[in-house]
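Undergrad: Sharing a structure below in structure tokens format, with a few things to ask.
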There are 4 protein chains.
Amino acid sequence: MNFNKISFRVRYGETDQMGVVYHGNYAQYLEIGRVEWLREMGISYKTMEKNGIMLPVISLSLHFKKSAVYDDLITVETRLVRTPLVKIEFDYKIYNEKKEILVEANTVLAFLDTTTKRPIKCPDYILEKLSY
Amino acid sequence: MNFNKISFRVRYGETDQMGVVYHGNYAQYLEIGRVEWLREMGISYKTMEKNGIMLPVISLSLHFKKSAVYDDLITVETRLVRTPLVKIEFDYKIYNEKKEILVEANTVLAFLDTTTKRPIKCPDYILEKLSY
Amino acid sequence: MNFNKISFRVRYGETDQMGVVYHGNYAQYLEIGRVEWLREMGISYKTMEKNGIMLPVISLSLHFKKSAVYDDLITVETRLVRTPLVKIEFDYKIYNEKKEILVEANTVLAFLDTTTKRPIKCPDYILEKLSY
Amino acid sequence: MNFNKISFRVRYGETDQMGVVYHGNYAQYLEIGRVEWLREMGISYKTMEKNGIMLPVISLSLHFKKSAVYDDLITVETRLVRTPLVKIEFDYKIYNEKKEILVEANTVLAFLDTTTKRPIKCPDYILEKLSY
């Protein structure tokens, strides 16, 4: 529960000359994970932003265990850490087809009013969806 | 005249597993070239956009002659092709420290009103700066 | 025939402050298209590269018709232009869920020996797969 | 001492539709910081890699305080945390022209033998350069 998985292939342009995924590209992979987590909860991040709430990342940490290589089918597992208040926190595990853990990560995002750019509380309709 | 050069180093994250700059990253290099061309003309693209004019790329062509590698100090040479009307067209040459041509490129951008998203003519203050 | 489609969603990190996909990111979309084209032909680009053949892009042209926005489910349609000799050429169309054409593009790639970095002919096993 | 600064401008393609630098792009900024730190120590990362030592990032943490926007001239301040052994750790501060802190970050990188991909100790010539 409060848990989502999504799989996709590593793109060529995401590798670097070490022959593995450039470490900075994992930020996008985590983003894909949490957007799909939201979608599975019935929440479109796109609609949320249009309705005046944005969710900038305020902290990001990544621990690299093993490299992903080009064309790997990787899976991002996204888990909500706690009931969101003014922030929402996710833990992630990224692994390859052999189920080897590649990356463990955490992000904290803040709910902001798009117009005022000020912090707001997690919208009720998200909290309601979380309670099921 | 109507000509600008800017040099910078290739970043590690811009390479791919071929050990050279990923071809898609040259779009950013061209963008740096034309922004500096504008800056040298006394035009800030940032200010232009704030003042309601945006310049989306409507066509882009790139011919790759030789690879750039990590940490290369490359130079983007940007040249205005003709007096802009509703579009502005640039030719580019990118070369390395040995003056070897790496890439030849061309972009066409359109002047758009940021609010209406409709085409507009090149602002007079740009045309005036070009006439010197 | 000699034709492939693949669909995926626009990532947040692929947009720019115009609120649309940054034009340079389409290079990656085309790459996804042709890799899937190869895969459908029974050819793994990854394996090809491991076996000593690489396929750098030598020219790239893009015509932008309409913008893609965040979270759009876009489709890349990849078509082989002609029987490959020492080069392989693809045409692409990218469209959104409403079937609006966003981008038309073309790439030419060269078959190179990974070790010598010299041009070689398209491997027979690819030509054979194309003849069916 | 053991401290370096480098400044550069935010590229358009590095922004996202929030109108600020996409958070994932800061990984590249940190990379620029530590590469210049090495260069100032008289160490070329490029040469180091050619000589058989690579430095993959094994952990990365970023705390976002304030946004950088397009065309900002930002400064990355890189500081060595301690004498490197088998790992090398850096702290970073990124700020804008108004000296506002945008990001605080930390990376740990591991010295690896490029051929064996096994951990090795920090090369003596780096330790020697550090001791001055």
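Residue numbering restarts at 1 for every chain of the structure tokens, chains are lettered A, B, ... in their displayed order, and ligands are numbered from 1 as they appear.
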Which chain B residues have any atom within 8 Å of an atom of chain C, and for each, what is the nearest pair of atoms with distance in Å to one decimal, counting only C-alpha atoms, rows sorted by chain and number, as a tab-separated table?

TA:
residue	atom	partner	partner_atom	distance
B:His23	CA	C:Val57	CA	7.0
B:Gly24	CA	C:Ala27	CA	5.0
B:Asn25	CA	C:Gly24	CA	6.9
B:Tyr26	CA	C:Gly24	CA	7.8
B:Ala27	CA	C:Gly24	CA	5.0
B:Gln28	CA	C:Gly24	CA	6.7
B:Val57	CA	C:His23	CA	6.9
B:Ile58	CA	C:Phe64	CA	4.8
B:Ser59	CA	C:His63	CA	4.5
B:Leu60	CA	C:Leu62	CA	5.2
B:Ser61	CA	C:Ser61	CA	4.1
B:Leu62	CA	C:Leu60	CA	5.2
B:His63	CA	C:Ser59	CA	4.5
B:Phe64	CA	C:Ile58	CA	4.8
B:Lys65	CA	C:Ile58	CA	7.1

Undergrad: Take the residues from that selection and write them out as a short mmCIF file (atom, residue, chain, number, x, y, z; two decimals), in the first residue's frame, keeping C-alpha atoms.

TA:
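Just written: again_33.cif:
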data_model
loop_
_atom_site.label_atom_id
_atom_site.label_comp_id
_atom_site.auth_asym_id
_atom_site.auth_seq_id
_atom_site.Cartn_x
_atom_site.Cartn_y
_atom_site.Cartn_z
CA HIS B 23 24.77 14.23 -30.22
CA GLY B 24 21.57 15.57 -28.68
CA ASN B 25 23.54 17.80 -26.31
CA TYR B 26 24.70 20.04 -29.15
CA ALA B 27 21.27 21.69 -29.15
CA GLN B 28 22.24 23.26 -25.81
CA VAL B 57 13.19 26.88 -32.26
CA ILE B 58 11.17 25.81 -35.28
CA SER B 59 13.89 23.95 -37.11
CA LEU B 60 17.26 22.56 -36.20
CA SER B 61 19.80 20.79 -38.35
CA LEU B 62 23.15 19.42 -37.29
CA HIS B 63 25.98 17.86 -39.28
CA PHE B 64 28.50 15.97 -37.20
CA LYS B 65 32.02 15.97 -38.61
#

Undergrad: When you look at C:Gly42 with a cut-off of 10 Å (counting only C-alpha atoms), what residues show up, excluding the ones that are within fewer than 5 positions of it in the same chain? I need them as a JSON list (two decimals) with C-alpha atoms, in the first residue's frame.

TA:
[["chain", "number", "residue", "atom", "x", "y", "z"],
["C", 36, "GLU", "CA", 12.81, 0.09, -30.92],
["C", 37, "TRP", "CA", 12.72, -0.14, -34.72],
["C", 125, "TYR", "CA", 22.52, -10.04, -40.62],
["C", 126, "ILE", "CA", 20.77, -6.68, -40.64],
["C", 129, "LYS", "CA", 16.38, -9.16, -41.59]]

Undergrad: Leaving out B:Val35 and any residue of its chain fewer than 5 positions from it, which residues lie within 9 Å of it when counting only C-alpha atoms, given as JSON, numbers by chain?

TA: {"B": [30, 40, 43, 44, 45]}

Undergrad: Export, as a PDB file, in the first residue's frame, the selected residues with C-alpha atoms.

TA:
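Writing done, so here's part.pdb:
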ATOM      1  CA  LEU B  30      23.877  26.150 -30.085  1.00  0.00           C
ATOM      2  CA  GLU B  40      26.851  40.930 -27.519  1.00  0.00           C
ATOM      3  CA  ILE B  43      20.003  42.066 -26.103  1.00  0.00           C
ATOM      4  CA  SER B  44      19.168  39.894 -23.120  1.00  0.00           C
ATOM      5  CA  TYR B  45      17.053  36.952 -24.198  1.00  0.00           C
TER       6      TYR B  45
END

Undergrad: By how many Å are atom CA of C:Pro123 and atom CA of C:Ile32 apart?

TA: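 One can read the atom CA of C:Pro123 to atom CA of C:Ile32 distance as 21.1 Å.
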
Undergrad: Within 10 Å of D:Lys98, counting only C-alpha atoms, which residues show up once you throw out same-chain ones fewer than 3 positions away? Write them as a ChimeraX atom specification, please.

TA: /D:73-74,95,101

Undergrad: List every residue of chain C that DSSP, applied to the backbone of this structure, places in strand (DSSP E or B), and write the result as a ChimeraX atom specification.

TA: /C:3-9,15,21,53-54,57-64,73-80,87-95,101-110,112-113,119

Undergrad: Just the selected residues (C-alpha atoms), exported as a short mmCIF file (atom, residue, chain, number, x, y, z; two decimals), in the first residue's frame, please.

TA:
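result-v8.cif was written with the following content:
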data_model
loop_
_atom_site.label_atom_id
_atom_site.label_comp_id
_atom_site.auth_asym_id
_atom_site.auth_seq_id
_atom_site.Cartn_x
_atom_site.Cartn_y
_atom_site.Cartn_z
CA PHE C 3 8.18 0.85 -39.70
CA ASN C 4 7.80 1.08 -35.93
CA LYS C 5 5.83 2.97 -33.29
CA ILE C 6 6.62 3.54 -29.66
CA SER C 7 4.78 5.65 -27.10
CA PHE C 8 5.94 7.12 -23.80
CA ARG C 9 5.18 10.06 -21.54
CA THR C 15 10.25 20.64 -20.20
CA VAL C 21 9.48 20.01 -24.12
CA ILE C 53 29.78 -2.04 -34.51
CA MET C 54 28.67 1.40 -33.50
CA VAL C 57 24.56 10.00 -35.73
CA ILE C 58 26.16 12.01 -38.53
CA SER C 59 23.25 14.26 -39.32
CA LEU C 60 20.07 15.24 -37.56
CA SER C 61 17.29 17.53 -38.67
CA LEU C 62 14.15 18.43 -36.80
CA HIS C 63 11.12 20.46 -37.80
CA PHE C 64 8.96 21.56 -34.91
CA LEU C 73 1.73 10.51 -24.14
CA ILE C 74 3.67 10.95 -27.35
CA THR C 75 4.33 8.47 -30.14
CA VAL C 76 7.47 8.24 -32.21
CA GLU C 77 6.98 6.68 -35.62
CA THR C 78 10.26 5.53 -37.18
CA ARG C 79 10.63 4.58 -40.82
CA LEU C 80 13.68 3.30 -42.68
CA LYS C 87 24.85 4.61 -43.60
CA ILE C 88 21.36 4.09 -42.29
CA GLU C 89 18.71 6.78 -42.65
CA PHE C 90 15.46 7.16 -40.76
CA ASP C 91 12.47 9.46 -41.03
CA TYR C 92 10.43 10.15 -37.92
CA LYS C 93 7.08 11.60 -37.04
CA ILE C 94 6.25 12.41 -33.45
CA TYR C 95 2.65 13.01 -32.52
CA ILE C 101 2.05 16.03 -35.64
CA LEU C 102 4.54 17.64 -33.26
CA VAL C 103 7.83 17.00 -35.00
CA GLU C 104 9.12 15.66 -38.30
CA ALA C 105 12.70 14.57 -38.27
CA ASN C 106 15.43 12.74 -40.11
CA THR C 107 18.68 11.17 -38.97
CA VAL C 108 21.57 9.61 -40.82
CA LEU C 109 23.84 7.25 -38.90
CA ALA C 110 27.08 5.64 -40.02
CA LEU C 112 31.60 2.22 -37.75
CA ASP C 113 33.99 -0.43 -36.54
CA PRO C 119 33.28 3.15 -41.73
#

Undergrad: One number please: atom CA of C:Glu128 to atom CA of B:Gln17, in Å, one decimal.

TA: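 Atom CA of B:Gln17 lies at a distance of 27.8 Å from atom CA of C:Glu128.
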
Undergrad: One decimal, in Å: what's the spacing between atom CA of A:Gly52 and atom CA of A:Lys121?

TA: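 Pair atom CA of A:Gly52 / atom CA of A:Lys121 returns 12.7 Å.
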
Undergrad: Mind the document's chain letters and residue numbers, and return as JSON, numbers by chain the residues of chain C that DSSP labels alpha helix (DSSP H).

TA: {"C": [26, 27, 28, 29, 30, 31, 32, 33, 34, 35, 36, 37, 38, 39, 40, 45, 46, 47, 48, 49, 50, 124, 125, 126, 127, 128, 129, 130]}

Undergrad: If you keep C-alpha atoms, can you produce a file of those selected residues as a PDB file, in the first residue's frame?

TA:
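Once written, result_16.pdb looks like this:
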ATOM      1  CA  TYR C  26      13.759  15.325 -29.100  1.00  0.00           C
ATOM      2  CA  ALA C  27      17.113  13.837 -30.084  1.00  0.00           C
ATOM      3  CA  GLN C  28      16.591  11.291 -27.297  1.00  0.00           C
ATOM      4  CA  TYR C  29      13.036  10.604 -28.467  1.00  0.00           C
ATOM      5  CA  LEU C  30      14.297   9.805 -31.964  1.00  0.00           C
ATOM      6  CA  GLU C  31      16.946   7.545 -30.470  1.00  0.00           C
ATOM      7  CA  ILE C  32      14.232   5.630 -28.608  1.00  0.00           C
ATOM      8  CA  GLY C  33      12.322   5.330 -31.878  1.00  0.00           C
ATOM      9  CA  ARG C  34      15.146   3.832 -33.905  1.00  0.00           C
ATOM     10  CA  VAL C  35      16.319   1.530 -31.111  1.00  0.00           C
ATOM     11  CA  GLU C  36      12.808   0.089 -30.920  1.00  0.00           C
ATOM     12  CA  TRP C  37      12.715  -0.144 -34.722  1.00  0.00           C
ATOM     13  CA  LEU C  38      15.896  -2.247 -34.524  1.00  0.00           C
ATOM     14  CA  ARG C  39      14.516  -4.314 -31.638  1.00  0.00           C
ATOM     15  CA  GLU C  40      11.385  -5.119 -33.629  1.00  0.00           C
ATOM     16  CA  TYR C  45      21.654  -2.112 -30.665  1.00  0.00           C
ATOM     17  CA  LYS C  46      23.334  -2.942 -27.379  1.00  0.00           C
ATOM     18  CA  THR C  47      24.518  -6.311 -28.663  1.00  0.00           C
ATOM     19  CA  MET C  48      25.559  -4.763 -31.964  1.00  0.00           C
ATOM     20  CA  GLU C  49      27.801  -2.326 -30.124  1.00  0.00           C
ATOM     21  CA  LYS C  50      29.228  -5.106 -27.962  1.00  0.00           C
ATOM     22  CA  ASP C 124      24.699  -8.839 -43.488  1.00  0.00           C
ATOM     23  CA  TYR C 125      22.524 -10.040 -40.624  1.00  0.00           C
ATOM     24  CA  ILE C 126      20.769  -6.684 -40.641  1.00  0.00           C
ATOM     25  CA  LEU C 127      20.314  -6.692 -44.412  1.00  0.00           C
ATOM     26  CA  GLU C 128      18.892 -10.204 -44.191  1.00  0.00           C
ATOM     27  CA  LYS C 129      16.377  -9.157 -41.585  1.00  0.00           C
ATOM     28  CA  LEU C 130      15.365  -6.217 -43.758  1.00  0.00           C
TER      29      LEU C 130
END
